[in-house]
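K.L.:
Next comes the structure file input.pdb, holding PDB, C-alpha atoms and all ligand atoms.
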MODEL        1
ATOM      1  CA  MET A   1      18.144  -1.550  14.027
ATOM      2  CA  GLU A   2      18.876  -3.190  10.669
ATOM      3  CA  ALA A   3      15.584  -4.602   9.381
ATOM      4  CA  LEU A   4      14.784  -6.279   6.080
ATOM      5  CA  VAL A   5      11.301  -6.678   4.595
ATOM      6  CA  VAL A   6      10.911  -9.451   2.006
ATOM      7  CA  TYR A   7       7.629  -9.617   0.121
ATOM      8  CA  GLU A   8       5.795 -11.587  -2.528
ATOM      9  CA  SER A   9       3.008  -9.880  -4.474
ATOM     10  CA  MET A  10       0.953 -10.715  -7.577
ATOM     11  CA  TRP A  11      -1.140  -7.544  -7.891
ATOM     12  CA  GLY A  12       0.922  -5.160  -5.753
ATOM     13  CA  ASN A  13      -1.186  -5.083  -2.594
ATOM     14  CA  THR A  14       1.282  -7.016  -0.441
ATOM     15  CA  GLU A  15       4.096  -4.853  -1.788
ATOM     16  CA  GLU A  16       2.241  -1.739  -0.645
ATOM     17  CA  VAL A  17       1.827  -3.266   2.811
ATOM     18  CA  ALA A  18       5.522  -4.234   2.844
ATOM     19  CA  ARG A  19       6.528  -0.639   2.086
ATOM     20  CA  ALA A  20       4.222   0.692   4.808
ATOM     21  CA  VAL A  21       5.686  -1.765   7.343
ATOM     22  CA  ALA A  22       9.182  -0.651   6.294
ATOM     23  CA  ARG A  23       8.224   2.985   6.884
ATOM     24  CA  GLY A  24       6.992   2.026  10.343
ATOM     25  CA  LEU A  25      10.300   0.321  10.981
ATOM     26  CA  GLY A  26      12.000   3.638  10.310
ATOM     27  CA  GLY A  27      13.051   2.984   6.725
ATOM     28  CA  ALA A  28      13.881  -0.699   6.387
ATOM     29  CA  ARG A  29      15.122  -2.217   3.137
ATOM     30  CA  VAL A  30      12.366  -3.797   1.029
ATOM     31  CA  VAL A  31      13.210  -6.633  -1.357
ATOM     32  CA  GLU A  32      11.009  -8.757  -3.631
ATOM     33  CA  VAL A  33      11.226 -12.431  -2.686
ATOM     34  CA  GLY A  34      12.687 -13.459  -6.054
ATOM     35  CA  ALA A  35      15.547 -10.991  -5.578
ATOM     36  CA  ALA A  36      16.206 -11.669  -1.896
ATOM     37  CA  THR A  37      19.511 -13.525  -1.925
ATOM     38  CA  GLU A  38      21.167 -14.956   1.192
ATOM     39  CA  GLN A  39      23.633 -12.047   1.160
ATOM     40  CA  GLU A  40      20.704  -9.707   1.843
ATOM     41  CA  LEU A  41      20.442 -11.321   5.278
ATOM     42  CA  GLU A  42      23.910 -10.270   6.388
ATOM     43  CA  GLY A  43      23.731  -7.985   9.406
ATOM     44  CA  VAL A  44      19.929  -8.147   9.533
ATOM     45  CA  GLU A  45      18.564  -7.864  13.085
ATOM     46  CA  LEU A  46      14.885  -8.233  12.215
ATOM     47  CA  LEU A  47      13.437 -10.023   9.212
ATOM     48  CA  VAL A  48       9.853  -9.338   8.123
ATOM     49  CA  VAL A  49       8.367 -11.639   5.484
ATOM     50  CA  GLY A  50       4.980 -11.219   3.827
ATOM     51  CA  GLY A  51       2.947 -12.644   0.988
ATOM     52  CA  PRO A  52      -0.598 -13.090  -0.265
ATOM     53  CA  THR A  53      -2.803 -15.823   1.168
ATOM     54  CA  HIS A  54      -3.530 -18.385  -1.539
ATOM     55  CA  ALA A  55      -5.778 -21.377  -0.877
ATOM     56  CA  PHE A  56      -5.745 -20.791   2.913
ATOM     57  CA  SER A  57      -1.958 -20.564   3.238
ATOM     58  CA  MET A  58       1.245 -19.477   1.502
ATOM     59  CA  SER A  59       1.140 -19.501  -2.288
ATOM     60  CA  ARG A  60       2.502 -22.363  -4.363
ATOM     61  CA  ALA A  61       3.703 -22.440  -7.976
ATOM     62  CA  SER A  62       0.243 -23.683  -8.992
ATOM     63  CA  THR A  63      -1.653 -20.884  -7.221
ATOM     64  CA  ARG A  64       0.753 -18.269  -8.588
ATOM     65  CA  ARG A  65       0.115 -19.662 -12.061
ATOM     66  CA  ASP A  66      -3.594 -19.446 -11.308
ATOM     67  CA  ALA A  67      -3.174 -15.795 -10.289
ATOM     68  CA  HIS A  68      -1.386 -15.045 -13.555
ATOM     69  CA  GLN A  69      -4.180 -16.726 -15.471
ATOM     70  CA  LYS A  70      -6.604 -14.472 -13.592
ATOM     71  CA  GLY A  71      -4.684 -11.435 -14.827
ATOM     72  CA  ALA A  72      -2.105 -10.788 -12.087
ATOM     73  CA  PRO A  73       0.601  -8.682 -13.725
ATOM     74  CA  ARG A  74       3.562  -9.641 -11.539
ATOM     75  CA  GLY A  75       5.185 -12.134  -9.192
ATOM     76  CA  GLY A  76       7.397 -15.007 -10.283
ATOM     77  CA  GLU A  77       5.939 -18.488 -10.483
ATOM     78  CA  GLU A  78       9.101 -20.221  -9.258
ATOM     79  CA  VAL A  79       9.836 -18.532  -5.940
ATOM     80  CA  GLY A  80       7.310 -17.371  -3.396
ATOM     81  CA  VAL A  81       7.503 -16.959   0.369
ATOM     82  CA  ARG A  82       7.018 -20.717   0.894
ATOM     83  CA  GLU A  83      10.028 -21.644  -1.251
ATOM     84  CA  TRP A  84      12.117 -18.776   0.084
ATOM     85  CA  LEU A  85      11.560 -19.741   3.727
ATOM     86  CA  GLY A  86      12.420 -23.319   2.851
ATOM     87  CA  ARG A  87      15.834 -22.156   1.694
ATOM     88  CA  LEU A  88      16.670 -20.135   4.804
ATOM     89  CA  PRO A  89      19.686 -21.457   6.685
ATOM     90  CA  LYS A  90      18.818 -23.869   9.483
ATOM     91  CA  ARG A  91      19.174 -22.588  13.052
ATOM     92  CA  LEU A  92      18.836 -19.014  11.930
ATOM     93  CA  GLU A  93      18.867 -16.819  15.027
ATOM     94  CA  VAL A  94      17.308 -13.672  13.616
ATOM     95  CA  PRO A  95      13.875 -12.628  14.933
ATOM     96  CA  ILE A  96      11.232 -12.930  12.201
ATOM     97  CA  ALA A  97       7.768 -11.422  11.820
ATOM     98  CA  THR A  98       5.345 -12.708   9.194
ATOM     99  CA  PHE A  99       2.406 -10.984   7.526
ATOM    100  CA  ASP A 100      -0.017 -11.660   4.749
ATOM    101  CA  THR A 101      -2.816 -10.125   2.753
ATOM    102  CA  ARG A 102      -6.229 -11.788   2.626
ATOM    103  CA  VAL A 103      -9.678 -11.018   1.310
ATOM    104  CA  ALA A 104     -11.803  -9.233   3.897
ATOM    105  CA  LYS A 105     -15.004 -10.969   2.790
ATOM    106  CA  VAL A 106     -13.639 -14.337   3.879
ATOM    107  CA  ALA A 107     -11.701 -13.103   6.891
ATOM    108  CA  LYS A 108     -13.598 -15.497   9.085
ATOM    109  CA  LEU A 109     -12.373 -18.506   7.131
ATOM    110  CA  PRO A 110      -9.396 -20.240   8.673
ATOM    111  CA  GLY A 111      -6.037 -20.076   6.991
ATOM    112  CA  SER A 112      -3.540 -17.322   6.411
ATOM    113  CA  ALA A 113      -0.187 -17.271   4.679
ATOM    114  CA  ALA A 114       1.374 -15.600   7.734
ATOM    115  CA  LYS A 115       0.145 -18.403   9.955
ATOM    116  CA  GLY A 116       1.466 -21.005   7.520
ATOM    117  CA  ALA A 117       4.813 -19.231   7.411
ATOM    118  CA  GLU A 118       4.995 -19.102  11.205
ATOM    119  CA  ARG A 119       4.261 -22.815  11.428
ATOM    120  CA  GLU A 120       7.015 -23.645   8.936
ATOM    121  CA  LEU A 121       9.545 -21.433  10.680
ATOM    122  CA  ARG A 122       8.840 -22.987  14.062
ATOM    123  CA  ARG A 123       8.901 -26.508  12.694
ATOM    124  CA  HIS A 124      12.307 -26.018  11.100
ATOM    125  CA  HIS A 125      13.796 -23.779  13.815
ATOM    126  CA  ARG A 126      14.454 -21.030  11.330
ATOM    127  CA  GLY A 127      14.510 -17.786  13.249
ATOM    128  CA  ARG A 128      12.423 -16.777  16.243
ATOM    129  CA  VAL A 129       8.915 -15.667  15.352
ATOM    130  CA  VAL A 130       8.168 -12.378  17.119
ATOM    131  CA  GLY A 131       5.049 -11.211  15.307
ATOM    132  CA  ARG A 132       2.318 -12.162  12.875
ATOM    133  CA  GLU A 133      -0.404 -10.083  11.237
ATOM    134  CA  SER A 134      -2.951 -10.151   8.404
ATOM    135  CA  PHE A 135      -3.922  -7.155   6.280
ATOM    136  CA  TYR A 136      -7.071  -7.108   4.192
ATOM    137  CA  VAL A 137      -7.914  -6.486   0.551
ATOM    138  CA  GLU A 138     -11.445  -5.995  -0.753
ATOM    139  CA  ASP A 139     -11.111  -8.536  -3.524
ATOM    140  CA  MET A 140      -8.577 -10.829  -5.170
ATOM    141  CA  ALA A 141      -6.835  -8.038  -7.080
ATOM    142  CA  GLY A 142      -7.289  -5.452  -4.325
ATOM    143  CA  PRO A 143      -7.577  -2.690  -3.435
ATOM    144  CA  LEU A 144      -6.498  -2.747   0.177
ATOM    145  CA  VAL A 145      -9.276  -2.057   2.639
ATOM    146  CA  ARG A 146      -9.194   1.559   3.788
ATOM    147  CA  GLY A 147      -6.893   2.144   6.727
ATOM    148  CA  GLU A 148      -4.770  -0.973   6.183
ATOM    149  CA  LEU A 149      -1.627   0.922   5.157
ATOM    150  CA  GLU A 150      -1.821   3.000   8.331
ATOM    151  CA  ARG A 151      -2.319  -0.200  10.329
ATOM    152  CA  ALA A 152       0.678  -1.768   8.553
ATOM    153  CA  GLU A 153       2.868   1.222   9.374
ATOM    154  CA  ALA A 154       1.793   1.063  13.011
ATOM    155  CA  TRP A 155       2.546  -2.676  13.091
ATOM    156  CA  GLY A 156       6.028  -1.950  11.739
ATOM    157  CA  ARG A 157       6.532   0.671  14.441
ATOM    158  CA  ALA A 158       5.422  -1.783  17.111
ATOM    159  CA  LEU A 159       7.934  -4.355  15.858
ATOM    160  CA  THR A 160      10.755  -2.020  16.783
ATOM    161  CA  ASP A 161       9.527  -2.075  20.359
ATOM    162  CA  VAL A 162      12.140  -3.750  22.549
ATOM    163  CA  ARG A 163       9.461  -5.778  24.288
ATOM    164  CA  VAL A 164       9.074  -8.071  21.271
ATOM    165  CA  PHE A 165      12.699  -9.072  21.697
ATOM    166  CA  GLY A 166      12.427  -9.739  25.390
TER     167      GLY A 166
HETATM  168  C1  LIG B 201      -5.177 -18.696  -6.439
HETATM  169  C2  LIG B 201      -5.619 -17.761  -5.350
HETATM  170  C3  LIG B 201      -6.082 -18.273  -4.133
HETATM  171  C4  LIG B 201      -6.506 -17.410  -3.112
HETATM  172  N1  LIG B 201      -6.926 -17.930  -1.918
HETATM  173  C5  LIG B 201      -7.296 -17.086  -0.901
HETATM  174  C6  LIG B 201      -7.679 -17.594   0.377
HETATM  175  O1  LIG B 201      -7.670 -18.804   0.639
HETATM  176  N2  LIG B 201      -8.062 -16.710   1.347
HETATM  177  C7  LIG B 201      -8.064 -15.361   1.114
HETATM  178  O2  LIG B 201      -8.427 -14.622   2.016
HETATM  179  N3  LIG B 201      -7.676 -14.843  -0.082
HETATM  180  C8  LIG B 201      -7.297 -15.670  -1.102
HETATM  181  N4  LIG B 201      -6.898 -15.158  -2.307
HETATM  182  C9  LIG B 201      -6.843 -13.698  -2.489
HETATM  183  C10 LIG B 201      -5.430 -13.180  -2.227
HETATM  184  O3  LIG B 201      -5.152 -13.210  -0.867
HETATM  185  C11 LIG B 201      -5.265 -11.776  -2.827
HETATM  186  O4  LIG B 201      -5.218 -11.940  -4.220
HETATM  187  C12 LIG B 201      -3.994 -11.108  -2.315
HETATM  188  O5  LIG B 201      -4.135 -10.722  -0.971
HETATM  189  C13 LIG B 201      -3.652  -9.879  -3.118
HETATM  190  O6  LIG B 201      -2.337  -9.507  -2.790
HETATM  191  P1  LIG B 201      -1.245  -9.218  -3.914
HETATM  192  O7  LIG B 201      -1.752  -8.076  -4.746
HETATM  193  O8  LIG B 201      -0.030  -8.826  -3.164
HETATM  194  O9  LIG B 201      -1.054 -10.470  -4.703
HETATM  195  C14 LIG B 201      -6.481 -15.996  -3.335
HETATM  196  C15 LIG B 201      -6.013 -15.504  -4.557
HETATM  197  C16 LIG B 201      -5.595 -16.356  -5.555
HETATM  198  C17 LIG B 201      -5.069 -15.784  -6.841
ENDMDL
END
Could you quickly redo this structure as structure tokens?
Ligand SMILES: Cc1cc2nc3c(=O)[nH]c(=O)nc-3n(C[C@H](O)[C@H](O)[C@H](O)COP(=O)(O)O)c2cc1C
P.N.:
Amino acid sequence: MEALVVYESMWGNTEEVARAVARGLGGARVVEVGAATEQELEGVELLVVGGPTHAFSMSRASTRRDAHQKGAPRGGEEVGVREWLGRLPKRLEVPIATFDTRVAKVAKLPGSAAKGAERELRRHHRGRVVGRESFYVEDMAGPLVRGELERAEAWGRALTDVRVFG
């Protein structure tokens, strides 16, 4: 199965999760959201999109700027998962799974980027959402909570299960 993992990451935690998910998928391509052109979607049978949770949902230019001001070394301010999903072709048929990273301390608070992404995809009929998951960091800059990369790999493996396409 041809799978593509597109990620956004300011400190690298979501990228690590993206790479673990790709391993679980049996070696999917992994592309940073700012570099994920429409051509990347050609032939893709499963699209996995993930980003950090900012202000209870997907990041915005203002929250990415905020992250940079707080010392985040990477991530473009112009394009994040929110903007990228907004540019996806309408009536996209490909199955999509969304994930995010969030701070474990506030895990009980509502709001996750993956949930926000799922809502947007459903509202605009872009793709068919077949999975959604959150992975946890200890603090804003990370690190990932112990065991999360293994959980991400297992989630990737589960996404290849035919049942999710049924
Ligand atoms: C501006 C900003 C807002 C944030 N808001 C939330 C939030 O609402 N809930 C949460 O759990 N984490 C929040 N976080 C923490 C991020 O989720 C965390 O930085 C991210 O998971 C780290 O992933 P990354 O290294 O890939 O950027 C916020 C971080 C920033 C910079």
K.L.:
Using only C-alpha atoms and all ligand atoms, find each residue in chain A having at least one atom no more than 8 Å away from ligand LIG 201 (chain B); report its shortest atom-to-atom pair and that distance in Å (one decimal), rows by chain then rising number, as CSV.
P.N.:
residue,atom,partner,partner_atom,distance
A:Glu8,CA,B:LIG201,O8,6.5
A:Ser9,CA,B:LIG201,O8,3.5
A:Met10,CA,B:LIG201,O9,3.5
A:Trp11,CA,B:LIG201,O7,3.2
A:Gly12,CA,B:LIG201,O7,4.1
A:Asn13,CA,B:LIG201,O7,3.7
A:Thr14,CA,B:LIG201,O8,3.5
A:Glu15,CA,B:LIG201,O8,5.9
A:Glu16,CA,B:LIG201,O8,7.9
A:Gly51,CA,B:LIG201,O8,6.4
A:Pro52,CA,B:LIG201,O5,4.3
A:Thr53,CA,B:LIG201,O3,4.1
A:His54,CA,B:LIG201,N1,3.4
A:Ala55,CA,B:LIG201,O1,3.5
A:Phe56,CA,B:LIG201,O1,3.6
A:Ser57,CA,B:LIG201,O1,6.5
A:Ser59,CA,B:LIG201,C3,7.6
A:Ser62,CA,B:LIG201,C1,7.8
A:Thr63,CA,B:LIG201,C1,4.2
A:Arg64,CA,B:LIG201,C1,6.3
A:Arg65,CA,B:LIG201,C1,7.8
A:Asp66,CA,B:LIG201,C1,5.2
A:Ala67,CA,B:LIG201,C17,3.9
A:His68,CA,B:LIG201,C17,7.7
A:Lys70,CA,B:LIG201,C17,7.0
A:Ala72,CA,B:LIG201,O9,7.5
A:Gly75,CA,B:LIG201,O9,7.9
A:Asp100,CA,B:LIG201,O5,7.1
A:Thr101,CA,B:LIG201,O5,4.0
A:Arg102,CA,B:LIG201,O2,3.6
A:Val103,CA,B:LIG201,O2,3.9
A:Ala104,CA,B:LIG201,O2,6.6
A:Lys105,CA,B:LIG201,O2,7.6
A:Val106,CA,B:LIG201,O2,5.5
A:Ala107,CA,B:LIG201,O2,6.1
A:Leu109,CA,B:LIG201,N2,7.4
A:Gly111,CA,B:LIG201,O1,6.7
A:Ser112,CA,B:LIG201,N2,6.8
A:Tyr136,CA,B:LIG201,O5,7.0
A:Val137,CA,B:LIG201,O5,5.9
A:Asp139,CA,B:LIG201,C11,6.7
A:Met140,CA,B:LIG201,O4,3.7
A:Ala141,CA,B:LIG201,O4,5.1
A:Gly142,CA,B:LIG201,C13,5.9
K.L.:
Taking (21.0, -4.7, 9.6) in the file's coordinates, which residues come within 7 Å, counting all atoms listed in the file, written as a list in words?
P.N.:
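Final list of nearby residues, as requested, is Met1, Glu2, Ala3, Gly43, Val44 and Glu45 of chain A.
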K.L.:
I would like the residues chosen by the PyMOL selection byres (((chain A and resi 48) around 12) and not hetatm) on the shown file; could you give them as a PDB file with C-alpha atoms, in the frame of the given file?
P.N.:
ATOM      1  CA  GLU A   2      18.876  -3.190  10.669  1.00  0.00           C
ATOM      2  CA  ALA A   3      15.584  -4.602   9.381  1.00  0.00           C
ATOM      3  CA  LEU A   4      14.784  -6.279   6.080  1.00  0.00           C
ATOM      4  CA  VAL A   5      11.301  -6.678   4.595  1.00  0.00           C
ATOM      5  CA  VAL A   6      10.911  -9.451   2.006  1.00  0.00           C
ATOM      6  CA  TYR A   7       7.629  -9.617   0.121  1.00  0.00           C
ATOM      7  CA  GLU A   8       5.795 -11.587  -2.528  1.00  0.00           C
ATOM      8  CA  VAL A  17       1.827  -3.266   2.811  1.00  0.00           C
ATOM      9  CA  ALA A  18       5.522  -4.234   2.844  1.00  0.00           C
ATOM     10  CA  ARG A  19       6.528  -0.639   2.086  1.00  0.00           C
ATOM     11  CA  ALA A  20       4.222   0.692   4.808  1.00  0.00           C
ATOM     12  CA  VAL A  21       5.686  -1.765   7.343  1.00  0.00           C
ATOM     13  CA  ALA A  22       9.182  -0.651   6.294  1.00  0.00           C
ATOM     14  CA  GLY A  24       6.992   2.026  10.343  1.00  0.00           C
ATOM     15  CA  LEU A  25      10.300   0.321  10.981  1.00  0.00           C
ATOM     16  CA  ALA A  28      13.881  -0.699   6.387  1.00  0.00           C
ATOM     17  CA  ARG A  29      15.122  -2.217   3.137  1.00  0.00           C
ATOM     18  CA  VAL A  30      12.366  -3.797   1.029  1.00  0.00           C
ATOM     19  CA  VAL A  31      13.210  -6.633  -1.357  1.00  0.00           C
ATOM     20  CA  GLU A  32      11.009  -8.757  -3.631  1.00  0.00           C
ATOM     21  CA  VAL A  33      11.226 -12.431  -2.686  1.00  0.00           C
ATOM     22  CA  LEU A  41      20.442 -11.321   5.278  1.00  0.00           C
ATOM     23  CA  VAL A  44      19.929  -8.147   9.533  1.00  0.00           C
ATOM     24  CA  GLU A  45      18.564  -7.864  13.085  1.00  0.00           C
ATOM     25  CA  LEU A  46      14.885  -8.233  12.215  1.00  0.00           C
ATOM     26  CA  LEU A  47      13.437 -10.023   9.212  1.00  0.00           C
ATOM     27  CA  VAL A  49       8.367 -11.639   5.484  1.00  0.00           C
ATOM     28  CA  GLY A  50       4.980 -11.219   3.827  1.00  0.00           C
ATOM     29  CA  GLY A  51       2.947 -12.644   0.988  1.00  0.00           C
ATOM     30  CA  VAL A  81       7.503 -16.959   0.369  1.00  0.00           C
ATOM     31  CA  LEU A  85      11.560 -19.741   3.727  1.00  0.00           C
ATOM     32  CA  VAL A  94      17.308 -13.672  13.616  1.00  0.00           C
ATOM     33  CA  PRO A  95      13.875 -12.628  14.933  1.00  0.00           C
ATOM     34  CA  ILE A  96      11.232 -12.930  12.201  1.00  0.00           C
ATOM     35  CA  ALA A  97       7.768 -11.422  11.820  1.00  0.00           C
ATOM     36  CA  THR A  98       5.345 -12.708   9.194  1.00  0.00           C
ATOM     37  CA  PHE A  99       2.406 -10.984   7.526  1.00  0.00           C
ATOM     38  CA  ASP A 100      -0.017 -11.660   4.749  1.00  0.00           C
ATOM     39  CA  ALA A 114       1.374 -15.600   7.734  1.00  0.00           C
ATOM     40  CA  ALA A 117       4.813 -19.231   7.411  1.00  0.00           C
ATOM     41  CA  GLU A 118       4.995 -19.102  11.205  1.00  0.00           C
ATOM     42  CA  GLY A 127      14.510 -17.786  13.249  1.00  0.00           C
ATOM     43  CA  ARG A 128      12.423 -16.777  16.243  1.00  0.00           C
ATOM     44  CA  VAL A 129       8.915 -15.667  15.352  1.00  0.00           C
ATOM     45  CA  VAL A 130       8.168 -12.378  17.119  1.00  0.00           C
ATOM     46  CA  GLY A 131       5.049 -11.211  15.307  1.00  0.00           C
ATOM     47  CA  ARG A 132       2.318 -12.162  12.875  1.00  0.00           C
ATOM     48  CA  GLU A 133      -0.404 -10.083  11.237  1.00  0.00           C
ATOM     49  CA  ALA A 152       0.678  -1.768   8.553  1.00  0.00           C
ATOM     50  CA  TRP A 155       2.546  -2.676  13.091  1.00  0.00           C
ATOM     51  CA  GLY A 156       6.028  -1.950  11.739  1.00  0.00           C
ATOM     52  CA  LEU A 159       7.934  -4.355  15.858  1.00  0.00           C
ATOM     53  CA  THR A 160      10.755  -2.020  16.783  1.00  0.00           C
TER      54      THR A 160
END
K.L.:
One decimal, Å: what's the distance from atom CA of A:Glu153 over to atom CA of A:Glu138, could you say?
P.N.:
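Distance between the two atoms: 19.0 Å.
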K.L.:
Closest to A:Ala61 among A:Val79, A:Ala113, A:Ala36, A:Ala158, using all atoms listed in the file?
P.N.:
A:Val79
K.L.:
For a test of reading the model, state the distance in Å between atom CA of A:Arg60 and atom CA of A:Leu149, rounded to one decimal.
P.N.:
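Separating atom CA of A:Arg60 from atom CA of A:Leu149 is a distance of 25.5 Å.
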K.L.:
In Å, how far is it from atom CA of A:Gly86 to atom CA of A:Arg23?
P.N.:
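Taking atom CA of A:Gly86 and atom CA of A:Arg23, their separation equals 26.9 Å.
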K.L.:
Around all of stretch 139-153 of chain A's listed atoms, make the axis-aligned box with 3 Å on each side and tell me centre and edge lengths in Å to one decimal, as AutoDock Vina command-line options.
P.N.:
--center_x -4.1 --center_y -3.9 --center_z 1.6 --size_x 20.0 --size_y 19.8 --size_z 23.4
K.L.:
Name the closest residue to A:Gly116 among the candidates A:Ser134, A:Pro73, A:Asp161, A:Pro143; distances are taken between atoms, counting only C-alpha atoms.
P.N.:
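Of A:Ser134, A:Pro73, A:Asp161, A:Pro143, the one nearest A:Gly116 is A:Ser134, counting only C-alpha atoms.
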